[in-house]
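What follows is the content of my_file-v9.txt (compact mmCIF, C-alpha atoms).
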# COMPACT_ATOMS: atom_id res chain seq x y z
CA MET U 1 107.82 108.31 83.19
CA PRO U 2 105.30 105.96 81.47
CA GLN U 3 106.75 103.35 79.16
CA ARG U 4 106.18 104.08 75.49
CA ARG U 5 104.10 101.42 73.75
CA ASN U 6 105.58 99.72 70.72
CA ARG U 7 103.81 99.91 67.38
CA ARG U 8 102.38 96.40 67.53
CA GLU U 9 100.82 97.09 70.91
CA VAL U 10 99.36 100.37 69.65
CA LEU U 11 97.79 98.58 66.69
CA ALA U 12 96.42 95.77 68.85
CA LEU U 13 94.82 98.24 71.27
CA ALA U 14 93.32 100.14 68.35
CA GLY U 15 92.02 96.88 66.91
CA ILE U 16 90.30 96.08 70.21
CA GLU U 17 88.54 99.44 70.16
CA VAL U 18 87.45 99.00 66.55
CA LEU U 19 86.12 95.50 67.22
CA ALA U 20 84.24 96.70 70.29
CA ARG U 21 82.70 99.69 68.53
CA GLU U 22 82.16 98.43 64.98
CA GLY U 23 82.07 94.65 65.33
CA GLY U 24 83.89 92.16 63.14
CA ARG U 25 82.62 93.66 59.91
CA GLY U 26 84.05 97.04 60.82
CA LEU U 27 87.56 95.73 61.44
CA THR U 28 89.62 96.94 58.50
CA HIS U 29 93.24 97.99 58.17
CA ARG U 30 92.19 101.58 57.53
CA ALA U 31 89.89 101.63 60.55
CA VAL U 32 92.73 100.48 62.78
CA ASP U 33 95.07 103.07 61.23
CA ARG U 34 92.57 105.82 62.02
CA GLU U 35 91.95 104.58 65.57
CA ALA U 36 95.68 104.29 66.26
CA GLY U 37 96.46 107.68 64.70
CA VAL U 38 99.12 106.23 62.41
CA PRO U 39 99.74 106.81 58.69
CA GLU U 40 97.44 104.93 56.35
CA GLY U 41 98.96 101.60 55.38
CA THR U 42 100.76 101.08 58.69
CA THR U 43 98.51 98.27 59.90
CA LYS U 44 98.68 96.50 56.55
CA ASN U 45 102.49 96.67 56.66
CA TYR U 46 102.48 94.83 59.98
CA TYR U 47 99.54 92.51 59.30
CA PRO U 48 98.99 92.03 55.55
CA THR U 49 95.70 90.15 55.88
CA ARG U 50 92.59 90.61 57.99
CA SER U 51 93.16 87.16 59.46
CA ALA U 52 96.67 88.13 60.55
CA LEU U 53 95.25 91.24 62.21
CA LEU U 54 92.63 89.23 64.10
CA VAL U 55 95.26 86.75 65.27
CA ALA U 56 97.46 89.61 66.47
CA ILE U 57 94.60 91.11 68.48
CA ALA U 58 93.77 87.71 69.97
CA ARG U 59 97.42 87.08 70.83
CA TYR U 60 97.74 90.48 72.52
CA LEU U 61 94.63 89.85 74.63
CA ALA U 62 95.87 86.36 75.51
CA ASP U 63 99.32 87.65 76.48
CA GLN U 64 97.87 90.36 78.71
CA HIS U 65 95.28 88.09 80.27
CA THR U 66 97.56 85.15 81.04
CA ALA U 67 100.12 87.49 82.60
CA ALA U 68 97.42 89.12 84.75
CA MET U 69 96.06 85.76 85.93
CA GLN U 70 99.56 84.55 86.80
CA GLN U 71 100.23 87.72 88.76
CA LEU U 72 96.93 87.29 90.58
CA CYS U 73 97.83 83.74 91.59
CA ASP U 74 101.32 84.78 92.67
CA GLN U 75 99.95 87.53 94.90
CA VAL U 76 97.08 85.67 96.58
CA PRO U 77 97.69 85.95 100.33
CA ARG U 78 98.00 82.96 102.61
CA GLY U 79 94.82 82.30 104.50
CA VAL U 80 92.59 83.77 101.80
CA THR U 81 88.95 82.88 102.48
CA ALA U 82 86.21 81.55 100.24
CA ARG U 83 84.30 84.79 100.82
CA GLU U 84 87.28 86.79 99.57
CA ILE U 85 87.52 84.62 96.45
CA THR U 86 83.82 85.21 95.82
CA THR U 87 84.38 88.96 96.14
CA LEU U 88 87.29 88.69 93.72
CA TYR U 89 85.16 86.97 91.08
CA SER U 90 82.31 89.42 91.67
CA THR U 91 84.74 92.28 91.11
CA MET U 92 86.09 90.66 87.94
CA LEU U 93 82.57 90.21 86.60
CA GLN U 94 81.70 93.83 87.36
CA ARG U 95 84.89 94.97 85.66
CA MET U 96 84.09 92.92 82.55
CA VAL U 97 80.95 94.99 81.95
CA THR U 98 82.37 98.38 82.96
CA SER U 99 86.04 99.34 82.67
CA ALA U 100 86.92 96.28 80.55
CA ARG U 101 83.81 96.49 78.37
CA ALA U 102 85.78 97.06 75.15
CA GLN U 103 87.92 93.99 75.78
CA LEU U 104 84.82 91.89 76.47
CA LEU U 105 83.10 92.99 73.26
CA ALA U 106 86.27 92.40 71.25
CA LEU U 107 86.58 88.98 72.88
CA LEU U 108 83.04 88.12 71.83
CA GLU U 109 83.88 88.99 68.21
CA LEU U 110 87.02 86.86 68.45
CA HIS U 111 85.01 83.89 69.72
CA LEU U 112 82.85 84.11 66.60
CA GLU U 113 85.97 84.33 64.44
CA ALA U 114 87.55 81.38 66.26
CA VAL U 115 84.83 79.05 64.99
CA ARG U 116 86.51 79.27 61.56
CA ASN U 117 90.02 80.43 62.43
CA PRO U 118 92.16 77.88 64.32
CA GLN U 119 94.89 80.43 65.05
CA VAL U 120 92.45 82.70 66.87
CA ARG U 121 91.01 79.62 68.58
CA ALA U 122 94.45 78.73 69.89
CA GLN U 123 94.85 82.15 71.52
CA LEU U 124 91.42 81.97 73.14
CA GLY U 125 92.41 78.52 74.37
CA ARG U 126 95.38 80.07 76.17
CA MET U 127 93.02 82.44 77.97
CA ALA U 128 90.61 79.67 78.94
CA ARG U 129 93.46 77.51 80.23
CA ALA U 130 94.79 80.41 82.32
CA ASN U 131 91.32 80.97 83.79
CA VAL U 132 90.91 77.28 84.63
CA ASP U 133 94.37 77.01 86.19
CA ALA U 134 93.78 80.17 88.25
CA ALA U 135 90.34 79.07 89.43
CA VAL U 136 91.64 75.70 90.63
CA GLN U 137 94.57 77.34 92.46
CA LEU U 138 92.68 80.28 93.99
CA ASN U 139 89.78 78.20 95.21
CA GLY U 140 92.15 75.55 96.49
CA GLU U 141 93.98 78.18 98.54
CA ALA U 142 90.63 79.07 100.12
CA GLY U 143 89.86 75.43 100.92
CA ARG U 144 87.23 75.07 98.21
CA ARG U 145 87.88 72.05 95.97
CA MET U 146 87.33 72.75 92.30
CA SER U 147 88.03 70.30 89.50
CA ARG U 148 89.28 71.48 86.12
CA ARG U 149 85.87 70.70 84.69
CA GLY U 150 84.26 72.77 87.43
CA ALA U 151 86.69 75.60 86.72
CA ALA U 152 85.79 75.39 83.03
CA LEU U 153 82.10 75.73 83.92
CA LEU U 154 82.96 78.77 86.03
CA ASP U 155 84.93 80.30 83.15
CA ALA U 156 82.16 79.73 80.61
CA GLY U 157 79.58 81.00 83.08
CA MET U 158 81.48 84.20 83.77
CA LEU U 159 81.72 84.98 80.06
CA GLY U 160 78.07 84.13 79.43
CA ALA U 161 76.86 86.14 82.41
CA ALA U 162 78.88 89.18 81.37
CA ILE U 163 77.53 89.03 77.82
CA SER U 164 73.97 88.74 79.13
CA MET U 165 74.50 91.68 81.49
CA LEU U 166 75.52 93.82 78.52
CA SER U 167 73.06 92.61 75.92
CA LEU U 168 69.75 91.87 77.66
CA PRO U 169 67.12 94.55 78.39
CA GLU U 170 67.79 96.02 81.81
CA GLU U 171 64.34 95.19 83.18
CA LEU U 172 64.69 91.55 82.10
CA ALA U 173 68.16 91.27 83.63
CA GLN U 174 66.74 92.55 86.90
CA ASP U 175 63.75 90.22 86.74
CA ILE U 176 65.85 87.08 86.24
CA GLY U 177 68.70 88.05 88.54
CA LEU U 178 71.40 88.86 85.99
CA ASP U 179 72.05 92.34 87.36
CA ASP U 180 73.83 91.28 90.57
CA PRO U 181 77.54 90.44 90.07
CA GLU U 182 77.97 89.16 93.62
CA LEU U 183 75.02 86.77 93.41
CA LEU U 184 76.14 85.58 89.98
CA ALA U 185 79.71 85.00 91.15
CA ARG U 186 78.54 83.07 94.21
CA SER U 187 76.24 80.91 92.09
CA LEU U 188 78.88 80.19 89.45
CA LEU U 189 81.49 79.33 92.06
CA SER U 190 79.04 76.95 93.71
CA LEU U 191 78.34 75.33 90.33
CA GLY U 192 82.04 74.70 89.81
CA THR U 193 82.78 73.34 93.27
CA VAL U 194 83.41 69.59 93.57
CA GLY U 195 80.23 67.90 94.66
CA HIS U 196 77.96 70.54 93.12
CA GLU U 197 78.69 70.07 89.42
CA PRO U 198 75.65 69.04 87.34
CA PRO U 199 75.66 65.68 85.51
CA PHE U 200 77.85 65.65 82.41
CA GLY U 201 74.93 65.05 80.05
CA VAL U 202 73.08 68.06 81.44
CA VAL U 203 76.12 70.28 81.01
CA ARG U 204 76.43 69.27 77.38
CA GLY U 205 72.76 69.98 76.78
CA TYR U 206 71.58 66.38 76.60
CA ALA U 207 69.14 64.78 78.97
CA GLY U 208 70.57 61.31 78.64
Please render this file's structure as structure tokens.
Amino acid sequence: MPQRRNRREVLALAGIEVLAREGGRGLTHRAVDREAGVPEGTTKNYYPTRSALLVAIARYLADQHTAAMQQLCDQVPRGVTAREITTLYSTMLQRMVTSARAQLLALLELHLEAVRNPQVRAQLGRMARANVDAAVQLNGEAGRRMSRRGAALLDAGMLGAAISMLSLPEELAQDIGLDDPELLARSLLSLGTVGHEPPFGVVRGYAG
């Protein structure tokens, strides 16, 4: 028998859907009430301000994501190969733009909010740290050395690639090679591998 979700989880999931469909401007207490199918005023009772609601959504995503990344690391088999890690990241990238599309779009809205909201920024930081830790461990298990900086480049690249896959015209994505999750994953993993990282100034957008 499936476990019944608690009210806070229901509201967070509804908030994700509202953010994904309506964007940040469409996230209101009433919109979340309607999406969750709860009496009007329920969301405001739990999260009195819009900021509190955004933080709650960010915290829920961070909790779910960090737990999933820890489980992934715990279950990686001994003798995993670099090819299998590449396939894993390719699958994750494909999932980001298909079955996890709502979470990705909500995450994009939260990144914009995080520029001005340190509490949201802290939750996104938890997710980034989990991704970096997992990338270092998983690639290390496959015999591919990856520094934390390299893992951070991989993390940022995965997010940027997924956003581009969703937002760019299809013909342009095909023309510039942003329609192939496997090729993208292989390229991003190579970028993050020790010995293949670009100079620090180039990464930061400065030529000197």
Contact table region 41-153 of chain U vs region 160-166 of chain U, cut-off 8 Å, shortest pair per residue, all atoms listed in the file, as a tab-separated table:
residue	atom	partner	partner_atom	distance
U:Leu93	CA	U:Ala162	CA	6.5
U:Met96	CA	U:Ala162	CA	6.5
U:Val97	CA	U:Ala162	CA	6.2
U:Leu104	CA	U:Ile163	CA	7.9
- Shell of 8 Å around Asp179 (chain U), all atoms listed in the file, local chain residues under 3 positions omitted, as an MDAnalysis selection string: chainID U and resid 165 170 173:174
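Distances to Gly23 (chain U) were evaluated for U:Met127, U:Glu9, U:Gly177, U:Leu112 using all atoms listed in the file, and the minimum falls at U:Leu112.
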- Contacts of region 133-149 of chain U within 7 Å, all atoms listed in the file, excl. fewer than 5 positions in-chain, as number ranges by chain: U: 69, 73, 79-82, 85, 192-194
- Query: What is the CA of Arg34 (chain U)-CA of Leu105 (chain U) distance in Å, reported with one decimal?
  - Reply: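 Distance reported for this atom pair: 19.5 Å.
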- Top pick for closest residue to Arg121 (chain U), considering U:Ala106, U:Leu11, U:Leu153, U:Ala58 and counting only C-alpha atoms: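 Nearest candidate to Arg121 (chain U) out of U:Ala106, U:Leu11, U:Leu153, U:Ala58: U:Ala58.
Closest approach to Gln103 (chain U) from the set U:His65, U:Glu171, U:Asn6, U:Thr91 is made by U:His65, with distances taken over all atoms listed in the file.
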- Given all atoms listed in the file as the counted atoms, nearest of U:Ala152, U:Ala36, U:Val55, U:Met92 to Gln123 (chain U): U:Val55
- Query: Just how far from CA of Arg50 (chain U) is CA of Leu27 (chain U), in Å to one decimal?
  - Reply: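 One can read the CA of Leu27 (chain U) to CA of Arg50 (chain U) distance as 8.0 Å.
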- Item | Best match for closeness to Thr86 (chain U) among U:Ala102, U:Ala12, U:Val38, U:Leu154, counting all atoms listed in the file |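 Once distances to Thr86 (chain U) are computed over all atoms listed in the file, the minimum belongs to U:Leu154.
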